[in-house]
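Source file: protein-v1.txt; contents: compact mmCIF, C-alpha atoms.
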```
# COMPACT_ATOMS: atom_id res chain seq x y z
CA MET P 495 -63.33 50.52 24.38
CA PRO P 496 -63.91 46.92 25.43
CA GLU P 497 -66.55 46.36 28.10
CA LEU P 498 -66.80 43.84 30.91
CA MET P 499 -68.31 40.66 29.44
CA ASN P 500 -70.68 38.26 31.15
CA HIS P 501 -69.52 34.65 31.52
CA VAL P 502 -71.24 33.41 28.36
CA ASP P 503 -69.78 36.13 26.14
CA PHE P 504 -66.37 35.89 27.78
CA ARG P 505 -66.23 32.13 27.24
CA THR P 506 -67.16 32.54 23.59
CA ALA P 507 -64.46 35.16 23.22
CA LEU P 508 -61.89 32.82 24.81
CA GLU P 509 -62.90 29.98 22.50
CA ASN P 510 -62.63 32.24 19.48
CA ALA P 511 -59.22 33.49 20.60
CA ILE P 512 -57.96 29.88 20.58
CA LYS P 513 -59.83 28.67 17.52
CA GLY P 514 -58.13 30.94 15.04
CA LYS P 515 -54.74 29.43 15.80
CA SER P 516 -55.68 25.81 16.47
CA ALA P 517 -52.72 23.47 16.12
CA ASN P 518 -55.01 21.16 14.14
CA LYS P 519 -54.17 23.39 11.17
CA ALA P 520 -50.42 22.78 11.38
CA PRO P 521 -48.92 20.67 8.57
CA PHE P 522 -47.53 18.21 11.11
CA SER P 523 -51.03 17.65 12.54
CA ILE P 524 -52.52 17.24 9.07
CA ALA P 525 -49.79 14.79 8.03
CA TRP P 526 -50.36 12.88 11.27
CA ALA P 527 -54.13 12.71 10.86
CA SER P 528 -53.82 11.55 7.26
CA GLY P 529 -51.42 8.73 8.17
CA LYS P 530 -48.46 10.14 6.23
CA LEU P 531 -45.86 10.28 9.00
CA SER P 532 -43.30 7.54 9.59
CA ARG P 533 -42.52 6.09 13.01
CA GLU P 534 -39.26 8.00 12.83
CA HIS P 535 -41.19 11.26 12.48
CA LEU P 536 -43.38 10.30 15.43
CA ALA P 537 -40.28 9.49 17.47
CA ARG P 538 -38.97 13.02 16.86
CA TRP P 539 -42.37 14.36 17.90
CA ALA P 540 -42.22 12.39 21.16
CA GLU P 541 -38.68 13.59 21.86
CA ASN P 542 -39.87 17.17 21.54
CA HIS P 543 -43.26 16.80 23.13
CA PHE P 544 -41.71 15.44 26.32
CA HIS P 545 -39.98 18.76 26.94
CA TYR P 546 -43.15 20.74 26.37
CA VAL P 547 -45.60 18.69 28.46
CA GLY P 548 -43.10 17.04 30.82
CA PRO P 549 -42.71 20.16 33.00
CA PHE P 550 -46.47 20.92 33.04
CA ALA P 551 -46.71 20.28 36.77
CA ASP P 552 -43.69 22.54 37.24
CA TYR P 553 -45.40 25.33 35.32
CA LEU P 554 -48.53 24.91 37.41
CA ALA P 555 -46.54 24.82 40.64
CA TYR P 556 -45.34 28.35 39.97
CA VAL P 557 -48.92 29.46 39.31
CA TYR P 558 -50.10 27.66 42.45
CA ALA P 559 -47.56 29.43 44.63
CA ARG P 560 -48.58 32.82 43.25
CA MET P 561 -52.35 32.26 43.33
CA PRO P 562 -53.89 34.42 46.10
CA ASP P 563 -54.59 32.57 49.31
CA GLY P 564 -58.33 33.18 49.19
CA PHE P 565 -58.76 31.58 45.75
CA THR P 566 -59.07 28.16 47.37
CA GLU P 567 -60.92 26.40 44.55
CA ALA P 568 -58.44 27.63 41.99
CA LYS P 569 -55.52 26.50 44.12
CA ASP P 570 -57.13 23.10 44.69
CA PHE P 571 -57.67 22.69 40.98
CA LEU P 572 -54.02 23.42 40.25
CA LEU P 573 -52.94 20.94 42.90
CA ALA P 574 -55.28 18.26 41.53
CA ASN P 575 -54.03 18.93 38.02
CA MET P 576 -50.40 18.51 39.14
CA TYR P 577 -51.28 15.34 41.05
CA GLU P 578 -53.11 13.84 38.08
CA GLU P 579 -50.22 14.61 35.72
CA GLU P 580 -47.70 12.92 37.96
CA ILE P 581 -49.05 10.36 40.42
CA GLY P 582 -52.85 10.05 40.07
CA GLY P 583 -52.40 6.93 37.94
CA ASP P 584 -49.56 6.23 35.57
CA ARG P 585 -47.19 9.18 35.24
CA HIS P 586 -48.24 10.84 32.00
CA THR P 587 -44.69 11.25 30.74
CA ASP P 588 -44.06 7.52 31.26
CA LEU P 589 -46.90 6.81 28.87
CA LEU P 590 -45.40 9.26 26.39
CA ILE P 591 -42.07 7.43 26.67
CA ARG P 592 -43.85 4.11 26.10
CA PHE P 593 -45.20 5.52 22.86
CA ALA P 594 -41.77 6.91 21.96
CA GLU P 595 -40.17 3.51 22.47
CA ALA P 596 -42.79 1.97 20.20
CA CYS P 597 -41.68 4.50 17.58
CA GLY P 598 -38.11 3.25 17.84
CA THR P 599 -36.47 5.80 20.11
CA THR P 600 -35.31 5.36 23.70
CA ARG P 601 -36.11 6.78 27.13
CA ALA P 602 -32.62 8.28 27.24
CA ARG P 603 -33.13 10.11 23.95
CA VAL P 604 -36.57 11.36 24.97
CA THR P 605 -35.43 12.77 28.29
CA ASP P 606 -32.28 14.35 26.86
CA PRO P 607 -33.02 18.08 26.38
CA ASP P 608 -30.43 18.24 23.61
CA ASN P 609 -32.90 16.40 21.39
CA MET P 610 -35.54 19.10 21.35
CA SER P 611 -35.65 21.70 18.61
CA ALA P 612 -35.04 25.40 19.25
CA THR P 613 -38.75 26.06 18.73
CA THR P 614 -39.70 23.51 21.36
CA ARG P 615 -37.25 25.14 23.73
CA GLY P 616 -39.00 28.42 22.94
CA LEU P 617 -42.42 26.99 23.77
CA GLN P 618 -41.14 25.50 27.03
CA SER P 619 -39.53 28.81 27.96
CA TRP P 620 -42.71 30.69 27.16
CA CYS P 621 -44.67 28.37 29.46
CA TYR P 622 -42.20 28.97 32.30
CA ALA P 623 -42.27 32.72 31.70
CA VAL P 624 -46.07 32.82 31.78
CA ALA P 625 -46.18 30.73 34.96
CA MET P 626 -43.61 32.88 36.74
CA ARG P 627 -44.46 36.37 35.56
CA GLU P 628 -48.11 36.72 34.60
CA ASP P 629 -51.01 37.38 36.92
CA PRO P 630 -51.94 33.82 38.03
CA ILE P 631 -55.42 34.03 36.51
CA VAL P 632 -53.91 35.16 33.22
CA ALA P 633 -51.41 32.30 33.52
CA VAL P 634 -54.26 29.79 33.94
CA ALA P 635 -55.88 31.27 30.85
CA GLY P 636 -52.67 30.89 28.86
CA LEU P 637 -51.48 27.49 30.04
CA VAL P 638 -54.69 25.64 30.81
CA VAL P 639 -57.34 27.26 28.60
CA GLY P 640 -55.04 28.29 25.76
CA LEU P 641 -52.87 25.16 25.64
CA GLU P 642 -54.19 22.24 27.66
CA SER P 643 -57.81 22.58 26.60
CA GLN P 644 -56.81 22.09 22.96
CA VAL P 645 -55.50 18.61 23.61
CA PRO P 646 -58.72 16.56 23.53
CA SER P 647 -59.67 17.79 20.06
CA ILE P 648 -56.16 17.16 18.75
CA TYR P 649 -55.84 13.68 20.20
CA ARG P 650 -59.39 12.74 19.27
CA ARG P 651 -58.32 13.24 15.65
CA GLN P 652 -54.96 11.55 16.05
CA THR P 653 -55.65 8.49 18.20
CA PRO P 654 -57.80 6.46 15.77
CA THR P 655 -55.17 7.09 13.11
CA LEU P 656 -52.43 5.75 15.37
CA ARG P 657 -54.32 2.50 15.72
CA ASP P 658 -55.79 2.13 12.24
CA LYS P 659 -53.11 3.56 9.96
CA TYR P 660 -49.91 3.36 11.98
CA LYS P 661 -50.87 0.01 13.56
CA PHE P 662 -49.88 0.84 17.13
CA THR P 663 -51.34 -1.33 19.87
CA ASP P 664 -53.81 -0.02 22.45
CA GLU P 665 -51.18 0.02 25.18
CA GLU P 666 -48.67 1.84 23.00
CA VAL P 667 -51.11 4.72 22.43
CA GLU P 668 -52.49 4.93 25.96
CA PHE P 669 -50.87 8.36 26.39
CA PHE P 670 -53.36 9.76 23.89
CA ASP P 671 -56.38 7.97 25.31
CA LEU P 672 -55.98 9.27 28.83
CA HIS P 673 -55.61 12.84 27.74
CA ILE P 674 -59.00 12.84 26.13
CA VAL P 675 -60.52 12.44 29.62
CA SER P 676 -58.08 14.24 31.88
CA ASP P 677 -57.51 17.26 29.68
CA GLU P 678 -61.23 17.74 29.23
CA ILE P 679 -61.50 18.00 33.00
CA HIS P 680 -58.46 20.24 33.27
CA GLY P 681 -59.48 22.49 30.39
CA GLU P 682 -63.00 22.92 31.67
CA ARG P 683 -61.86 23.65 35.24
CA GLY P 684 -59.46 26.17 33.77
CA TYR P 685 -62.35 27.89 32.03
CA GLN P 686 -64.31 27.97 35.29
CA ILE P 687 -61.44 29.66 37.14
CA VAL P 688 -60.83 32.23 34.44
CA LEU P 689 -64.54 33.03 34.05
CA GLU P 690 -64.94 33.53 37.78
CA HIS P 691 -61.80 35.49 38.59
CA ALA P 692 -61.15 37.56 35.48
CA ASN P 693 -63.64 40.13 36.71
CA THR P 694 -62.30 43.35 35.25
CA VAL P 695 -62.11 44.54 31.67
CA GLU P 696 -58.34 44.64 31.88
CA LEU P 697 -58.02 41.08 33.20
CA GLN P 698 -60.47 39.74 30.63
CA GLN P 699 -58.56 41.37 27.80
CA ARG P 700 -55.24 40.03 29.10
CA CYS P 701 -56.75 36.52 29.31
CA LEU P 702 -57.99 36.77 25.74
CA LYS P 703 -54.63 37.95 24.52
CA ILE P 704 -52.67 35.22 26.26
CA CYS P 705 -55.04 32.53 24.95
CA GLU P 706 -54.40 33.83 21.49
CA VAL P 707 -50.64 33.90 22.04
CA GLY P 708 -50.65 30.44 23.71
CA ALA P 709 -52.50 28.89 20.81
CA GLN P 710 -50.13 30.68 18.45
CA MET P 711 -47.13 29.28 20.36
CA ARG P 712 -48.48 25.76 20.09
CA LEU P 713 -49.15 26.21 16.39
CA LEU P 714 -45.62 27.57 15.97
CA TYR P 715 -44.20 24.53 17.76
CA THR P 716 -46.28 22.06 15.76
CA THR P 717 -45.49 23.78 12.49
CA ALA P 718 -41.76 23.71 13.28
CA LEU P 719 -41.93 19.96 13.86
CA TYR P 720 -42.97 19.59 10.24
CA TRP P 721 -40.21 21.79 8.85
CA ASP P 722 -37.50 20.39 11.15
CA TYR P 723 -38.22 16.69 10.76
CA VAL P 724 -40.80 15.90 8.07
CA ALA P 725 -40.54 18.33 5.16
CA LYS P 726 -37.48 16.59 3.69
CA ASP P 727 -39.48 13.36 3.35
CA LEU P 728 -42.96 14.70 2.75
CA PRO P 729 -43.18 17.89 0.65
CA ILE P 730 -45.82 20.37 1.67
CA GLU P 731 -47.51 19.99 -1.72
CA GLN P 732 -48.50 16.48 -0.71
CA LEU P 733 -50.57 17.78 2.18
CA ASP P 734 -54.08 19.16 1.81
CA MET P 735 -55.56 22.20 3.50
CA VAL P 736 -52.37 23.32 5.13
CA GLU P 737 -51.79 26.65 6.83
CA ARG P 738 -48.17 26.95 5.78
CA LYS P 739 -46.89 29.53 8.16
CA VAL P 740 -47.74 31.10 11.47
CA ALA P 741 -49.37 34.42 10.78
CA MET C 49 -81.16 15.18 26.80
CA PRO C 50 -80.20 11.81 28.28
CA THR C 51 -81.16 11.18 31.89
CA VAL C 52 -78.72 9.49 34.26
CA THR C 53 -79.99 7.67 37.33
CA LEU C 54 -77.29 6.82 39.83
CA HIS C 55 -77.86 4.59 42.84
CA ARG C 56 -75.27 4.68 45.60
CA ASP C 57 -75.35 3.99 49.32
CA GLY C 58 -79.13 3.55 49.28
CA GLN C 59 -79.68 6.95 47.66
CA THR C 60 -80.82 7.75 44.13
CA TYR C 61 -79.47 10.73 42.21
CA ARG C 62 -80.95 11.76 38.89
CA GLY C 63 -79.81 14.36 36.41
CA GLU C 64 -79.79 15.32 32.74
CA ILE C 65 -76.63 15.47 30.70
CA ASP C 66 -75.70 16.65 27.23
CA THR C 67 -75.39 14.03 24.50
CA ASN C 68 -71.92 12.48 24.29
CA THR C 69 -71.02 13.16 27.90
CA ASN C 70 -68.45 11.40 30.07
CA LEU C 71 -69.67 11.27 33.67
CA VAL C 72 -66.16 11.32 35.14
CA VAL C 73 -65.41 14.48 33.19
CA LYS C 74 -68.65 15.99 34.52
CA ALA C 75 -67.84 15.01 38.09
CA GLY C 76 -64.32 16.32 37.58
CA ILE C 77 -65.68 19.76 36.75
CA ARG C 78 -67.97 19.69 39.77
CA GLN C 79 -71.25 19.13 37.94
CA PHE C 80 -73.79 16.30 38.21
CA PRO C 81 -73.09 13.54 39.25
CA TYR C 82 -70.58 15.33 41.53
CA PRO C 83 -70.19 14.72 44.46
CA ASN C 84 -72.04 11.43 44.40
CA LEU C 85 -70.01 9.51 41.85
CA ARG C 86 -66.79 7.96 43.10
CA TYR C 87 -63.96 8.09 40.62
CA GLY C 88 -60.19 8.06 40.67
CA CYS C 89 -57.50 8.23 38.03
CA GLY C 90 -59.80 8.95 35.06
CA MET C 91 -57.65 6.73 32.89
CA GLY C 92 -59.13 3.26 33.26
CA LYS C 93 -56.61 2.03 35.79
CA CYS C 94 -58.02 2.19 39.29
CA ALA C 95 -61.60 1.01 38.59
CA LYS C 96 -62.96 3.31 41.30
CA CYS C 97 -65.58 4.64 38.87
CA ALA C 98 -66.88 1.13 38.08
CA CYS C 99 -70.66 0.88 38.09
CA ARG C 100 -73.16 -1.85 37.30
CA VAL C 101 -75.45 -0.85 34.47
CA LEU C 102 -79.04 -1.62 35.45
CA ASP C 103 -80.73 -0.18 32.37
CA GLY C 104 -79.52 1.20 29.05
CA ALA C 105 -76.56 -1.11 28.49
CA GLU C 106 -77.74 -1.84 24.98
CA HIS C 107 -76.80 1.71 23.94
CA LEU C 108 -73.21 1.42 25.14
CA PRO C 109 -70.25 0.49 22.93
CA GLU C 110 -68.46 -2.79 23.47
CA PRO C 111 -66.01 -2.68 26.40
CA ASN C 112 -62.61 -1.38 25.35
CA TRP C 113 -59.26 -2.98 26.16
CA LYS C 114 -58.93 -1.20 29.48
CA GLU C 115 -62.35 -2.33 30.66
CA LYS C 116 -61.58 -5.90 29.59
CA GLN C 117 -58.23 -5.79 31.36
CA ARG C 118 -59.48 -4.21 34.60
CA LEU C 119 -62.95 -5.71 34.93
CA GLY C 120 -62.61 -9.17 33.36
CA PRO C 121 -65.51 -11.36 34.57
CA HIS C 122 -67.20 -8.37 36.20
CA LEU C 123 -68.17 -7.28 32.68
CA GLU C 124 -70.59 -10.19 32.51
CA GLN C 125 -72.20 -8.92 35.72
CA GLY C 126 -72.87 -5.62 33.95
CA TYR C 127 -70.00 -3.55 35.33
CA ARG C 128 -68.42 -0.83 33.19
CA LEU C 129 -65.78 1.83 33.78
CA LEU C 130 -67.54 5.17 33.54
CA CYS C 131 -64.34 7.02 32.72
CA GLN C 132 -64.26 5.08 29.45
CA LEU C 133 -67.84 5.82 28.37
CA TRP C 134 -69.39 8.76 26.53
CA LEU C 135 -73.14 8.59 27.06
CA SER C 136 -75.82 9.57 24.58
CA HIS C 137 -78.86 7.73 25.93
CA ASP C 138 -80.71 7.32 29.21
CA ILE C 139 -78.89 5.08 31.65
CA GLU C 140 -79.45 3.70 35.15
CA ILE C 141 -76.35 2.69 37.09
CA GLU C 142 -75.43 1.51 40.55
CA GLN C 143 -72.10 2.10 42.25
CA ASP C 144 -71.11 -0.32 45.00
CA LYS C 145 -70.19 1.04 48.41
CA VAL C 146 -66.84 -0.71 48.21
CA PRO C 147 -64.99 -0.09 44.96
CA LEU C 148 -64.04 -3.04 42.80
CA ALA C 149 -60.41 -4.03 42.96
CA PRO C 150 -58.96 -3.76 39.45
CA LEU C 151 -57.80 -7.11 38.14
CA LYS C 152 -54.40 -5.78 37.12
CA ALA C 153 -52.47 -4.11 39.91
CA GLU C 154 -52.18 -0.35 39.76
CA PRO C 155 -48.69 0.99 39.18
CA ALA C 156 -49.41 3.98 41.41
CA GLN C 157 -51.98 4.93 43.98
CA GLY C 158 -55.35 6.12 42.64
CA GLU C 159 -57.19 8.95 44.29
CA THR C 160 -60.51 8.35 45.98
CA ARG C 161 -63.03 11.10 45.83
```

The structure in this file should be written as structure tokens.
Amino acid sequence: MPELMNHVDFRTALENAIKGKSANKAPFSIAWASGKLSREHLARWAENHFHYVGPFADYLAYVYARMPDGFTEAKDFLLANMYEEEIGGDRHTDLLIRFAEACGTTRARVTDPDNMSATTRGLQSWCYAVAMREDPIVAVAGLVVGLESQVPSIYRRQTPTLRDKYKFTDEEVEFFDLHIVSDEIHGERGYQIVLEHANTVELQQRCLKICEVGAQMRLLYTTALYWDYVAKDLPIEQLDMVERKVA
Amino acid sequence: MPTVTLHRDGQTYRGEIDTNTNLVVKAGIRQFPYPNLRYGCGMGKCAKCACRVLDGAEHLPEPNWKEKQRLGPHLEQGYRLLCQLWLSHDIEIEQDKVPLAPLKAEPAQGETR
């Protein structure tokens, strides 16, 4: 029988739940980090990624509305997160579109939901389902800790490559730069909320499970990007250290 | 652990941070230097986090493109954007009472904290 964990042990358990399914292990991520993708591949990524991260404030808005009234700090965090995604500076999706345009695609193609793959649609749907149906603390664990907190480590690997190997300009890759700061804040605040409010064995276990599933969903999405758009040009044998399927 | 000394509004705040720490991230998660460091967008646009480095500038990397674009000649006066810096050494900084106006206009309003 699992027991109630203290904050230190619970955080370690959350980190381990995510680590096993890190999207860094997906073939698309490995191809990206090793400079083997074309701009056309990156354009397809942007067209899909828009539909996953674009509605992030929408996901959080559902969680915000369902968060108990007394959880003021948690509600404020969600509101700040939504604000920062949309109007705190440049709208994050506008920066993604700027990158997409540098890859050769257009704003119209990026925003058109017909250009996302079925797997991306699945990830987006999962995010909406979690936001609408799960206990709000469990939803924060899944969306913010499980998904958003992974972003800094992914982009930290990918951003230098975009400049050095793919020869994008600083302004073209600003989308990736800003996430290293803002997602660190968001991910860490997410941890704080989950650590404070998941105060029963049952809630802790549900948070761990959804982190695991969230990381698995992101890995599934990233892996599908490779098979849908890249595999025909870049056989899997040409990639090193690849986890070839989602276990 | 690096020590950060922050001067603002005639007060001095001092705290230790882990190596490779971004002070805007720390303030964003409600740890030192929160609530005494002013910051805004966290993306090098609004310049609200700008501080003058009084000591320890030699350990910092060269200003990046955002700092050059937003701070321009203020860089020569020792100003840096804290949201763009990960610190690994002791540093002493001063934040003006009135935030610097970024040289390039903001496309959207930045938040003041």

If we count only C-alpha atoms, which residues of chain P reach to within 7 Å of chain C? Please list them as a CSV table (one decimal) with C-alpha atoms, keeping the file's coordinate frame.
```
chain,number,residue,atom,x,y,z
P,581,ILE,CA,-49.0,10.4,40.4
P,582,GLY,CA,-52.8,10.0,40.1
P,583,GLY,CA,-52.4,6.9,37.9
P,584,ASP,CA,-49.6,6.2,35.6
P,672,LEU,CA,-56.0,9.3,28.8
P,675,VAL,CA,-60.5,12.4,29.6
P,676,SER,CA,-58.1,14.2,31.9
P,678,GLU,CA,-61.2,17.7,29.2
P,679,ILE,CA,-61.5,18.0,33.0
P,682,GLU,CA,-63.0,22.9,31.7
P,683,ARG,CA,-61.9,23.6,35.2
```

Which value, in Å to one decimal, gives the distance between CA of Pro549 in chain P and CA of Trp620 in chain P?
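CA of Trp620 in chain P lies at a distance of 12.0 Å from CA of Pro549 in chain P.
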
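Taking only C-alpha atoms into account, Thr663 in chain P lies nearest to P:Cys597 out of the set P:Cys597, P:Ala527, P:Val557, P:Leu536.
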
In Å, how far is it from CA of Gly514 in chain P to CA of Ala718 in chain P?
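These two atoms are separated by 18.0 Å.
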
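Shortest separation to Asn518 in chain P among P:Arg603, P:Arg627, P:Lys530, P:Arg712 occurs at residue P:Arg712, atoms counted being all atoms listed in the file.
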
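Here CA of Glu666 in chain P is placed at a distance of 6.2 Å from CA of Arg592 in chain P.
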
Thr717 in chain P surroundings by only C-alpha atoms, 7 Å radius, close-in-sequence under 6 positions cut, as a PyMOL selection string:
chain P and resi 520-522
